[in-house]
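Asker: target.cif is reproduced in full below (mmCIF, C-alpha atoms).
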data_protein
#
loop_
_atom_site.label_atom_id
_atom_site.label_comp_id
_atom_site.auth_asym_id
_atom_site.auth_seq_id
_atom_site.Cartn_x
_atom_site.Cartn_y
_atom_site.Cartn_z
CA MET A 70 15.56 24.36 8.53
CA ARG A 71 13.28 25.10 11.45
CA LEU A 72 10.79 27.92 11.06
CA SER A 73 8.01 29.22 13.27
CA LYS A 74 4.75 27.36 12.89
CA VAL A 75 2.96 30.36 11.45
CA ASN A 76 5.72 31.07 8.96
CA VAL A 77 5.88 27.42 7.93
CA LEU A 78 2.19 27.31 7.08
CA LEU A 79 2.19 30.62 5.23
CA GLY A 80 5.53 29.87 3.58
CA VAL A 81 4.31 26.58 2.15
CA LEU A 82 1.05 28.05 0.92
CA LEU A 83 2.75 31.11 -0.56
CA ALA A 84 5.54 29.13 -2.18
CA VAL A 85 3.12 26.88 -4.05
CA ALA A 86 0.47 29.49 -4.85
CA SER A 87 -0.87 29.73 -8.40
CA SER A 88 -2.64 32.65 -9.98
CA ALA A 89 -3.57 30.43 -12.94
CA PHE A 90 -6.12 28.61 -10.77
CA ALA A 91 -7.41 31.63 -8.84
CA ASP A 92 -10.91 31.55 -7.39
CA THR A 93 -12.90 34.69 -6.70
CA PRO A 94 -13.02 35.85 -3.05
CA SER A 95 -16.64 34.75 -2.76
CA GLU A 96 -15.71 31.21 -3.89
CA ALA A 97 -12.73 31.05 -1.57
CA ALA A 98 -14.91 32.15 1.36
CA GLN A 99 -16.86 28.90 1.04
CA LEU A 100 -13.91 26.89 2.36
CA LEU A 101 -15.04 27.46 5.95
CA PRO A 102 -18.67 27.49 7.09
CA VAL A 103 -20.18 30.24 9.23
CA THR A 104 -20.82 27.78 12.06
CA ILE A 105 -18.97 24.62 13.06
CA GLY A 106 -21.07 22.71 15.59
CA LYS A 107 -21.43 24.97 18.63
CA PHE A 108 -18.77 27.37 17.28
CA ARG A 109 -19.66 30.59 15.47
CA GLN A 110 -17.38 32.44 13.06
CA VAL A 111 -16.45 35.91 14.35
CA ASN A 112 -13.93 37.04 11.76
CA THR A 113 -12.34 35.70 8.60
CA THR A 114 -9.60 36.49 6.13
CA VAL A 115 -9.86 35.30 2.53
CA ILE A 116 -6.75 35.43 0.34
CA PRO A 117 -7.29 34.57 -3.34
CA PRO A 118 -4.20 33.11 -5.06
CA SER A 119 -3.97 36.15 -7.32
CA ALA A 120 -3.04 38.16 -4.23
CA LEU A 121 -0.41 35.74 -2.99
CA GLU A 122 3.28 36.30 -3.60
CA HIS A 123 5.68 34.14 -5.64
CA PRO A 124 3.14 32.39 -7.91
CA GLU A 125 4.31 29.14 -9.52
CA PRO A 126 2.72 26.77 -12.04
CA ASP A 127 1.22 24.49 -9.39
CA GLY A 128 -0.10 25.25 -5.95
CA ALA A 129 -2.92 26.60 -3.80
CA ILE A 130 -6.27 27.39 -5.35
CA ALA A 131 -7.64 29.24 -2.31
CA TYR A 132 -6.73 30.06 1.27
CA GLN A 133 -8.81 31.19 4.24
CA SER A 134 -8.25 31.88 7.93
CA ALA A 135 -11.04 32.40 10.48
CA GLU A 136 -11.68 32.54 14.24
CA TYR A 137 -14.58 30.81 15.96
CA VAL A 138 -16.15 31.30 19.38
CA GLY A 139 -17.93 28.50 21.26
CA SER A 140 -21.06 28.62 23.39
CA LYS A 141 -18.95 28.73 26.58
CA GLY A 142 -16.46 31.31 25.38
CA GLU A 143 -13.97 28.87 23.83
CA ARG A 144 -11.99 30.36 21.00
CA VAL A 145 -10.17 28.59 18.13
CA SER A 146 -8.53 29.63 14.88
CA VAL A 147 -8.90 27.60 11.69
CA GLN A 148 -6.65 27.93 8.64
CA ILE A 149 -7.45 26.01 5.49
CA GLY A 150 -5.81 25.83 2.09
CA ARG A 151 -7.31 24.15 -0.96
CA MET A 152 -4.46 22.85 -3.09
CA ARG A 153 -4.44 21.66 -6.66
CA ASN A 154 -4.13 17.99 -5.67
CA ASP A 155 -3.89 15.62 -2.71
CA ALA A 156 -0.10 15.39 -2.91
CA GLN A 157 0.37 19.12 -2.43
CA ALA A 158 -1.98 19.09 0.55
CA TYR A 159 0.10 16.29 2.08
CA GLN A 160 3.25 18.32 1.38
CA ALA A 161 1.90 21.23 3.44
CA LEU A 162 1.07 18.82 6.27
CA SER A 163 4.50 17.18 6.22
CA VAL A 164 6.36 20.50 6.43
CA ALA A 165 4.17 21.64 9.32
CA ALA A 166 4.69 18.32 11.15
CA ALA A 167 8.46 18.46 10.71
CA ASN A 168 8.53 21.80 12.50
CA ALA A 169 6.06 20.93 15.28
CA ASN A 170 7.16 20.03 18.81
CA ASP A 171 5.92 17.17 21.01
CA ILE A 172 3.72 15.49 18.40
CA LEU A 173 0.96 13.36 19.89
CA PRO A 174 0.01 10.01 18.31
CA ASN A 175 -3.68 10.62 17.65
CA ILE A 176 -5.57 13.17 15.56
CA GLY A 177 -9.23 13.97 15.22
CA GLY A 178 -9.83 14.02 11.48
CA GLY A 179 -8.52 13.80 7.95
CA THR A 180 -6.59 11.16 6.02
CA ALA A 181 -3.40 11.85 7.98
CA GLY A 182 -2.32 14.49 10.45
CA PHE A 183 -0.72 15.31 13.77
CA ALA A 184 -1.58 16.99 17.05
CA THR A 185 0.27 18.86 19.78
CA ALA A 186 -0.94 20.15 23.12
CA ASP A 187 -2.68 23.18 21.59
CA GLU A 188 -3.04 22.60 17.85
CA MET A 189 -3.97 20.02 15.26
CA ALA A 190 -3.26 19.72 11.55
CA PHE A 191 -4.48 17.29 8.92
CA PHE A 192 -4.95 16.84 5.20
CA LYS A 193 -7.96 15.35 3.46
CA GLY A 194 -8.20 15.23 -0.30
CA GLN A 195 -6.79 18.49 -1.64
CA TYR A 196 -7.29 20.35 1.66
CA PHE A 197 -4.78 21.20 4.37
CA VAL A 198 -6.22 22.34 7.71
CA LEU A 199 -4.53 23.78 10.80
CA ILE A 200 -6.54 24.42 13.97
CA ARG A 201 -5.24 26.16 17.12
CA ASN A 202 -6.73 26.57 20.54
CA LEU A 203 -6.78 30.27 21.47
CA LYS A 204 -8.86 30.15 24.64
CA GLY A 205 -10.62 27.58 26.78
CA ASN A 206 -10.65 23.78 26.68
CA PRO A 207 -8.00 22.29 24.35
CA ALA A 208 -10.51 19.55 23.49
CA SER A 209 -12.27 22.15 21.34
CA VAL A 210 -9.52 21.69 18.74
CA ASN A 211 -10.40 18.03 18.26
CA GLU A 212 -14.11 18.81 18.13
CA VAL A 213 -13.64 21.44 15.44
CA ALA A 214 -11.22 19.21 13.49
CA GLN A 215 -13.75 16.40 13.27
CA ALA A 216 -16.53 18.76 12.20
CA VAL A 217 -14.40 20.43 9.49
CA SER A 218 -13.08 17.09 8.23
CA ALA A 219 -16.64 15.79 7.80
CA THR A 220 -17.38 18.56 5.28
CA LEU A 221 -14.35 17.89 3.05
CA ASP A 222 -14.07 15.50 0.10
CA LYS A 223 -11.62 12.68 0.87
CA GLY A 224 -10.09 12.65 -2.62
CA GLU A 225 -7.86 9.60 -3.06
CA GLY A 226 -8.07 8.91 0.66
CA ASP A 227 -4.42 7.93 1.03
CA ILE A 228 -0.93 9.31 1.52
CA PRO A 229 1.49 9.50 -1.46
CA VAL A 230 2.92 6.13 -2.50
CA LEU A 231 6.50 7.42 -2.32
CA VAL A 232 6.10 8.07 1.41
CA LYS A 233 4.93 4.48 1.91
CA HIS A 234 8.28 3.24 0.60
CA LEU A 235 10.18 4.76 3.50
CA PRO A 236 11.76 2.18 5.82
CA GLU A 237 10.01 1.92 9.20
CA LEU A 238 7.13 4.02 7.90
CA LYS A 239 5.13 4.00 11.14
CA GLU A 240 7.82 6.02 12.91
CA THR A 241 9.40 8.01 10.11
CA GLN A 242 6.13 9.31 8.64
CA LYS A 243 5.63 11.55 11.68
CA THR A 244 8.46 13.89 10.70
CA ALA A 245 9.16 12.97 7.06
CA ILE A 246 9.04 15.94 4.66
CA TYR A 247 7.36 15.27 1.33
CA VAL A 248 7.87 17.58 -1.68
CA ASN A 249 5.57 17.29 -4.69
CA SER A 250 6.56 18.17 -8.27
CA PHE A 251 9.56 20.18 -7.17
CA THR A 252 11.87 22.23 -9.35
CA ASP A 253 14.38 23.00 -6.59
CA LEU A 254 15.12 20.65 -3.69
CA GLY A 255 17.49 23.01 -1.88
CA PRO A 256 16.71 25.17 1.17
CA PRO A 257 14.39 25.36 3.00
CA PHE A 258 13.71 21.68 2.26
CA PHE A 259 17.25 20.34 2.23
CA ASP A 260 20.71 21.85 2.36
CA GLN A 261 23.23 19.44 0.82
CA PRO A 262 25.49 20.17 -2.17
CA ALA A 263 24.80 16.75 -3.74
CA VAL A 264 21.18 17.65 -4.52
CA ASP A 265 22.36 20.54 -6.69
CA ALA A 266 22.87 18.00 -9.48
CA ILE A 267 19.16 17.14 -9.59
CA GLN A 268 17.27 18.63 -12.53
CA SER A 269 13.63 17.57 -12.34
CA GLY A 270 11.82 20.18 -14.37
CA GLY A 271 8.91 19.74 -11.97
CA ASN A 272 8.56 16.05 -12.92
CA ALA A 273 9.77 14.53 -9.67
CA ASP A 274 8.71 14.09 -6.05
CA ALA A 275 10.90 13.64 -2.99
CA VAL A 276 10.68 12.57 0.63
CA LEU A 277 13.21 13.16 3.39
CA ALA A 278 13.19 11.16 6.62
CA THR A 279 15.40 10.82 9.68
CA TYR A 280 16.63 7.57 11.27
CA GLY A 281 18.59 8.46 14.36
CA PRO A 282 21.69 10.29 13.11
CA SER A 283 21.05 9.20 9.52
CA LYS A 284 18.89 10.96 6.94
CA ILE A 285 17.47 9.28 3.86
CA LEU A 286 16.34 11.20 0.79
CA ILE A 287 14.32 9.45 -1.92
CA VAL A 288 13.72 11.26 -5.19
CA GLU A 289 11.21 9.73 -7.60
CA PHE A 290 11.44 10.77 -11.24
CA ASN A 291 8.36 10.40 -13.40
CA THR A 292 10.18 8.76 -16.34
CA PRO A 293 13.07 6.30 -16.67
CA GLN A 294 14.84 8.72 -19.00
CA LEU A 295 14.75 11.48 -16.40
CA ALA A 296 15.94 9.05 -13.74
CA THR A 297 18.86 7.92 -15.94
CA GLU A 298 19.99 11.44 -16.80
CA ASN A 299 19.89 12.56 -13.18
CA ASP A 300 21.65 9.42 -11.99
CA ARG A 301 24.64 10.27 -14.19
CA ARG A 302 24.72 13.85 -12.95
CA ILE A 303 24.38 12.81 -9.31
CA ILE A 304 27.25 10.29 -9.49
CA ALA A 305 29.48 12.85 -11.18
CA ARG A 306 28.59 15.43 -8.53
CA ILE A 307 29.31 13.03 -5.64
CA GLN A 308 32.71 12.15 -7.12
CA GLU A 309 33.46 15.84 -7.45
CA LEU A 310 32.54 16.44 -3.80
CA TRP A 311 34.87 13.61 -2.77
CA ARG A 312 37.75 15.17 -4.68
CA LEU A 313 37.07 18.58 -3.12
CA GLY A 314 36.69 17.15 0.36
CA GLN A 315 33.20 18.60 0.72
CA PRO A 316 30.19 16.99 2.46
CA ALA A 317 28.82 14.11 0.38
CA PRO A 318 26.27 11.31 0.90
CA THR A 319 27.42 8.33 2.94
CA ALA A 320 25.85 6.14 0.27
CA TYR A 321 23.89 6.61 -2.94
CA ARG A 322 22.09 4.23 -5.29
CA ARG A 323 19.53 4.30 -8.07
CA VAL A 324 16.57 2.00 -7.36
CA GLY A 325 14.22 1.87 -10.35
CA ASN A 326 13.14 5.44 -10.96
CA TYR A 327 14.29 6.38 -7.46
CA SER A 328 17.52 8.15 -6.57
CA VAL A 329 18.23 7.20 -2.95
CA PHE A 330 20.67 9.19 -0.79
CA VAL A 331 21.76 8.48 2.78
CA PHE A 332 23.46 11.30 4.68
CA ASP A 333 25.25 11.40 8.04
CA ALA A 334 25.12 7.62 8.60
CA PRO A 335 27.61 6.14 11.14
CA ASP A 336 29.24 4.09 8.37
CA GLU A 337 28.79 3.03 4.76
CA GLN A 338 27.47 -0.43 5.66
CA THR A 339 24.66 1.07 7.74
CA ALA A 340 23.81 3.45 4.91
CA LYS A 341 23.68 0.62 2.34
CA GLN A 342 21.43 -1.45 4.60
CA LEU A 343 19.06 1.49 4.82
CA ILE A 344 18.96 1.77 1.01
CA ASP A 345 18.30 -1.99 0.76
CA GLU A 346 14.99 -1.42 2.55
CA VAL A 347 13.71 0.90 -0.17
CA LYS A 348 11.58 -1.02 -2.69
CA TYR A 349 10.59 0.48 -6.02
CA GLU A 350 7.13 -0.36 -7.31
CA GLN A 351 6.05 0.84 -10.73
CA VAL A 352 2.47 1.20 -11.95
CA VAL A 353 2.06 1.72 -15.70
CA GLN A 354 -1.04 3.55 -16.93
CA TRP A 355 -1.48 4.02 -20.68
CA LEU A 356 -2.94 7.31 -21.90
CA GLY A 357 -4.47 5.54 -24.88
CA ASP A 358 -4.99 1.89 -25.80
CA ASN A 359 -2.57 -0.54 -24.22
CA PRO A 360 -0.28 -1.76 -27.07
CA ASN A 361 0.22 -5.05 -25.22
CA ILE A 362 -3.47 -5.77 -24.79
CA LEU A 363 -3.42 -8.77 -27.18
CA LYS A 364 -0.43 -10.31 -25.42
CA GLU A 365 -2.08 -9.80 -22.06
CA ALA A 366 -5.34 -11.32 -23.34
CA GLU A 367 -3.42 -14.32 -24.72
CA LYS A 368 -1.60 -14.74 -21.42
CA ARG A 369 -4.90 -14.61 -19.50
CA TYR A 370 -6.40 -17.18 -21.92
CA VAL A 371 -3.46 -19.54 -21.50
CA ASP A 372 -3.49 -19.14 -17.73
CA THR A 373 -7.26 -19.76 -17.63
CA THR A 374 -7.04 -22.81 -19.93
CA LEU A 375 -4.22 -24.32 -17.93
CA GLY A 376 -6.15 -23.69 -14.77
CA VAL A 377 -9.23 -25.47 -16.15
CA LEU A 378 -7.10 -28.38 -17.43
CA ILE A 379 -5.38 -28.80 -14.10
CA ALA A 380 -8.73 -28.65 -12.32
CA VAL A 381 -10.16 -31.36 -14.64
CA LEU A 382 -7.11 -33.58 -14.15
CA LYS A 383 -7.35 -33.18 -10.42
CA ALA A 384 -11.07 -33.99 -10.46
CA SER A 385 -10.46 -37.02 -12.71
CA GLY A 386 -7.69 -38.24 -10.44
CA TYR A 387 -9.87 -37.89 -7.37
CA ALA A 388 -12.72 -39.73 -9.18
CA ALA A 389 -10.38 -42.56 -10.24
CA ILE A 390 -9.05 -42.94 -6.72
CA LEU A 391 -12.59 -42.95 -5.35
CA CYS A 392 -13.75 -45.57 -7.87
CA LEU A 393 -10.75 -47.78 -7.17
CA GLY A 394 -11.35 -47.44 -3.48
CA ILE A 395 -15.03 -48.34 -3.75
CA GLY A 396 -14.25 -51.21 -6.17
CA GLY A 397 -11.59 -52.54 -3.84
CA LEU A 398 -13.98 -52.32 -0.90
CA ILE A 399 -16.76 -54.15 -2.78
CA GLY A 400 -14.32 -56.76 -4.10
CA GLY A 401 -12.99 -57.32 -0.60
CA LEU A 402 -16.50 -57.76 0.75
CA LEU A 403 -17.42 -60.27 -2.01
CA PHE A 404 -14.19 -62.18 -1.47
CA SER A 405 -14.86 -62.38 2.24
CA TYR A 406 -18.43 -63.52 1.55
CA ARG A 407 -17.28 -66.31 -0.77
CA ARG A 408 -14.70 -67.49 1.72
CA ALA A 409 -17.33 -67.53 4.41
CA GLN A 410 -19.59 -69.69 2.22
CA GLN A 411 -16.74 -72.12 1.55
CA ARG A 412 -16.02 -72.42 5.24
CA ASP A 413 -19.70 -73.22 5.90
CA VAL A 414 -19.77 -75.99 3.25
CA THR A 415 -16.53 -77.46 4.53
CA ALA A 416 -17.93 -77.50 8.07
CA PHE A 417 -20.82 -79.76 7.03
CA SER A 418 -19.07 -82.00 4.43
CA ASP A 419 -16.13 -84.40 4.72
CA ALA A 420 -15.61 -84.15 0.95
CA GLY A 421 -13.95 -80.80 1.02
CA GLY A 422 -17.08 -79.01 -0.08
CA MET A 423 -17.75 -81.45 -2.97
CA LEU A 424 -20.62 -83.96 -3.35
CA ARG A 425 -19.56 -87.54 -2.50
CA LEU A 426 -21.36 -90.70 -3.64
CA ASN A 427 -21.49 -93.26 -0.82
CA LEU A 428 -21.38 -96.28 -3.12
CA ASP A 429 -20.49 -98.61 -0.31
CA GLU A 430 -23.78 -97.92 1.35
CA MET A 431 -25.93 -98.52 -1.74
CA THR A 432 -26.94 -102.25 -1.51
CA ALA A 433 -30.04 -104.18 -2.48
CA GLU A 434 -31.05 -104.39 1.11
CA THR A 435 -30.93 -100.71 1.69
CA ASP A 436 -32.53 -99.39 -1.54
CA PRO A 437 -32.91 -101.89 -4.39
CA ALA A 438 -34.53 -99.35 -6.68
CA ARG A 439 -31.34 -97.31 -6.86
CA LEU A 440 -29.13 -100.25 -7.97
CA LEU A 441 -28.29 -100.83 -11.61
CA ARG A 442 -29.72 -103.99 -13.02
CA GLU A 443 -27.80 -106.46 -15.13
CA ARG A 444 -28.57 -106.48 -18.84
CA ASN A 445 -30.23 -109.49 -20.44
#
Please re-express this file's structure in structure tokens.

Answerer:
Amino acid sequence: MRLSKVNVLLGVLLAVASSAFADTPSEAAQLLPVTIGKFRQVNTTVIPPSALEHPEPDGAIAYQSAEYVGSKGERVSVQIGRMRNDAQAYQALSVAAANANDILPNIGGGTAGFATADEMAFFKGQYFVLIRNLKGNPASVNEVAQAVSATLDKGEGDIPVLVKHLPELKETQKTAIYVNSFTDLGPPFFDQPAVDAIQSGGNADAVLATYGPSKILIVEFNTPQLATENDRRIIARIQELWRLGQPAPTAYRRVGNYSVFVFDAPDEQTAKQLIDEVKYEQVVQWLGDNPNILKEAEKRYVDTTLGVLIAVLKASGYAAILCLGIGGLIGGLLFSYRRAQQRDVTAFSDAGGMLRLNLDEMTAETDPARLLRERN
């Protein structure tokens, strides 16, 4: 599956070219500016899609290649393709990365990309860019990449969602091959008889990644019906390959709208564990009005009402606890105050806090006026 770097770039752009979206040469020439920082364009080649071979329904809108010379004699080449969408631009990048040697971890521009000792490639929006150092300081490649990237629209600003569902994405993304809206998944992308059963009609994407000796292929179909039909064909094809003793996947499983294959795994258990790591996430977008909008509104209303009710009950509970706490504190203080008063009265009275009449001390000699007189 390995091709030369030049052939890979041209092959991808030619294979996906579309005359239906052809720009004029003057429009295509605007892909690259005359000057990029300190670099000046010395020659350029503009190829409108109408002149490209093997046109297909979807693909490149324009393609341009140019050479630039720096102020100190540095020389770089820049190749840029404007694709129909972000996914196709990422596809071109992934194929180029899979065939590159000694990929370095960092790049100078774009949404995603890779670098080697003498070249750099990235995609940004619907653009795929490849820059090579022809003469002078290799750092010129990074400088030009940043300058070109700054002039391009970022589009969605992200890699395809299907690629994100690869296990161990940080490592596998470097060499994973992504194929957008394919009609044929065979060579040069993948050479396995099991994929012959896939009939996508251009309504499916795929990504192929390597994990040591194992390879995982995830095919995403755009509709459940298409996924179901292909699942039946794939299972029948795998069973046929087993009977014929021909190469077959180590494991296969349908996951949502995904068909997940694992090839060349050490054993079936390892292959199944790899498939277990693939998670299907579906996003539904209605072309017209959402038929479930009333149900969703009712659900939101119920959820909101319950939330308010729970919040009120919580607040009421906290208020009740606070009131009880304050009441208990005040009651305790009053009780303590009353007890203290009783202790004070008891300390100064031998009548247990009650008033006692000392009748034995009330005599005529002591206070005659306070004695009761006898009646006549």

Asker: I'd like to know which of A:Leu101, A:Ala190, A:Met152, A:Leu313 is closest to Ile130 in chain A, using only C-alpha atoms.

Answerer: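 Smallest distance to Ile130 in chain A is found for A:Met152.
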
Asker: When you draw a straight line from CA of Ser328 in chain A to CA of Phe183 in chain A, how long is it in Å?

Answerer: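 Atom-to-atom, CA of Ser328 in chain A and CA of Phe183 in chain A are spaced 28.2 Å apart.
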
Asker: Determine, counting all atoms listed in the file, every residue of protein, DNA or RNA that lies within 6 Å of (15.0, 12.8, 2.0) in the file coordinates, then give the result as number ranges by chain.

Answerer: A: 276-278, 285-287

Asker: Carefully work through the PyMOL selection byres ((chain A and resi 266) around 7) for this structure and note down the residues it includes, as a PyMOL selection string.

Answerer: chain A and resi 263-265+267-268+302-303+306

Asker: With a distance cut-off of 10 Å and all atoms listed in the file, select the neighbouring residues of Pro282 in chain A, excluding the residue or stretch itself and same-chain residues fewer than 3 positions from it, and output the selection as a list in words.

Answerer: Thr279, Phe332, Asp333, Ala334 and Pro335 of chain A

Asker: Got time to write the residues from that selection, C-alpha atoms, as a PDB file, keeping the file's coordinate frame?

Answerer:
ATOM      1  CA  THR A 279      15.400  10.820   9.680  1.00  0.00           C
ATOM      2  CA  PHE A 332      23.460  11.300   4.680  1.00  0.00           C
ATOM      3  CA  ASP A 333      25.250  11.400   8.040  1.00  0.00           C
ATOM      4  CA  ALA A 334      25.120   7.620   8.600  1.00  0.00           C
ATOM      5  CA  PRO A 335      27.610   6.140  11.140  1.00  0.00           C
TER       6      PRO A 335
END

Asker: Mind checking which residues fall within 12 Å of range 216-227 of chain A, counting all atoms listed in the file, ignoring those fewer than 2 positions away in the same chain, and posting them as a PyMOL selection string?

Answerer: chain A and resi 99-108+147-156+158-159+176-182+189-200+209-214+229-233

Asker: Quick one: everything within 12 Å of Gly270 in chain A, counting only C-alpha atoms, minus sequence neighbours fewer than 4 positions away in the same chain. Send it as an MDAnalysis selection string.

Answerer: chainID A and resid 126 249:254 274 290:292 295:296 299

Asker: Might you pull out every residue within 9 Å of Thr244 in chain A, with all atoms listed in the file counted and same-chain residues fewer than 3 positions away left off, and present them as a list in words?

Answerer: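 Residues meeting the cut-off are Ser163, Val164, Ala165, Ala166, Ala167, Asn168, Ala169, Glu240, Thr241, Leu277, Ala278 and Thr279 of chain A.
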
Asker: Could you save those same residues with C-alpha atoms as a CSV table (one decimal), in the frame of the given file?

Answerer:
chain,number,residue,atom,x,y,z
A,163,SER,CA,4.5,17.2,6.2
A,164,VAL,CA,6.4,20.5,6.4
A,165,ALA,CA,4.2,21.6,9.3
A,166,ALA,CA,4.7,18.3,11.2
A,167,ALA,CA,8.5,18.5,10.7
A,168,ASN,CA,8.5,21.8,12.5
A,169,ALA,CA,6.1,20.9,15.3
A,240,GLU,CA,7.8,6.0,12.9
A,241,THR,CA,9.4,8.0,10.1
A,277,LEU,CA,13.2,13.2,3.4
A,278,ALA,CA,13.2,11.2,6.6
A,279,THR,CA,15.4,10.8,9.7

Asker: Counting only C-alpha atoms, which of A:Asp260, A:Asp345, A:Glu298, A:Glu350 gets nearest to Ala320 in chain A?

Answerer: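 With only C-alpha atoms as the atom set, the closest residue is A:Asp345.
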
Asker: Given all atoms listed in the file as the basis, pick out the residue of A:Leu235, A:Val331, A:Ala273, A:Leu393 nearest to Tyr349 in chain A.

Answerer: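 Using all atoms listed in the file, the shortest distance to Tyr349 in chain A belongs to A:Leu235.
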
Asker: Enter the distance from CA of Thr339 in chain A to CA of Leu173 in chain A, in Å, rounded to one decimal.

Answerer: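 Between CA of Thr339 in chain A and CA of Leu173 in chain A the gap works out to 29.3 Å.
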
Asker: Expressed in Å to a single decimal, how great is the separation between CA of Ile172 in chain A and CA of Glu237 in chain A?

Answerer: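 Interatomic distance, CA of Ile172 in chain A to CA of Glu237 in chain A: 17.6 Å.
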
Asker: Nearest to Pro293 in chain A: which of A:Gln342, A:Asn326, A:Asn112, A:Ser146 is it, counting only C-alpha atoms?

Answerer: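 Ranked by minimum distance to Pro293 in chain A, first place goes to A:Asn326.
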
Asker: Which residues, named as in the file, does the PyMOL selection byres ((chain A and resi 202) around 8) pick out? Answer as a PyMOL selection string.

Answerer: chain A and resi 144-146+187-188+200-201+203-207+209-210

Asker: Just want the 8 Å neighbourhood of Thr114 in chain A, counted on all atoms listed in the file, with same-chain residues fewer than 4 positions away dropped. Output as a list in words.

Answerer: Gln133, Ser134 and Ala135 of chain A

Asker: Save out the residues we just selected, C-alpha atoms, as an mmCIF file, in the coordinates of the input.

Answerer:
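Everything below was put into part.cif:
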data_model
loop_
_atom_site.group_PDB
_atom_site.id
_atom_site.type_symbol
_atom_site.label_atom_id
_atom_site.label_comp_id
_atom_site.auth_asym_id
_atom_site.auth_seq_id
_atom_site.Cartn_x
_atom_site.Cartn_y
_atom_site.Cartn_z
ATOM 1 C CA GLN A 133 -8.810 31.190 4.240
ATOM 2 C CA SER A 134 -8.250 31.880 7.930
ATOM 3 C CA ALA A 135 -11.040 32.400 10.480
#

Asker: Just range 161-172 of chain A, please, as a short mmCIF file (atom, residue, chain, number, x, y, z; two decimals), in the first residue's frame (only N, CA and C atoms).

Answerer:
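Generated file (selection-v7.cif):
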data_model
loop_
_atom_site.label_atom_id
_atom_site.label_comp_id
_atom_site.auth_asym_id
_atom_site.auth_seq_id
_atom_site.Cartn_x
_atom_site.Cartn_y
_atom_site.Cartn_z
N ALA A 161 -6.98 13.45 2.57
CA ALA A 161 -5.71 13.64 1.87
C ALA A 161 -4.55 13.67 2.86
N LEU A 162 -4.75 14.34 3.99
CA LEU A 162 -3.70 14.39 5.01
C LEU A 162 -3.41 13.01 5.56
N SER A 163 -4.45 12.22 5.85
CA SER A 163 -4.24 10.92 6.48
C SER A 163 -3.49 9.96 5.56
N VAL A 164 -3.78 10.01 4.27
CA VAL A 164 -3.09 9.14 3.32
C VAL A 164 -1.62 9.54 3.22
N ALA A 165 -1.36 10.85 3.18
CA ALA A 165 0.02 11.31 3.12
C ALA A 165 0.79 10.93 4.38
N ALA A 166 0.15 11.04 5.55
CA ALA A 166 0.81 10.70 6.82
C ALA A 166 1.11 9.22 6.91
N ALA A 167 0.20 8.38 6.39
CA ALA A 167 0.41 6.94 6.46
C ALA A 167 1.60 6.50 5.63
N ASN A 168 1.98 7.29 4.65
CA ASN A 168 3.09 6.93 3.78
C ASN A 168 4.36 7.72 4.07
N ALA A 169 4.33 8.56 5.11
CA ALA A 169 5.51 9.34 5.48
C ALA A 169 6.38 8.53 6.42
N ASN A 170 7.66 8.86 6.46
CA ASN A 170 8.62 8.18 7.33
C ASN A 170 9.09 9.13 8.43
N ASP A 171 9.33 8.58 9.62
CA ASP A 171 9.90 9.33 10.73
C ASP A 171 9.09 10.59 11.04
N ILE A 172 7.81 10.39 11.33
CA ILE A 172 6.93 11.52 11.64
C ILE A 172 7.33 12.15 12.97
#
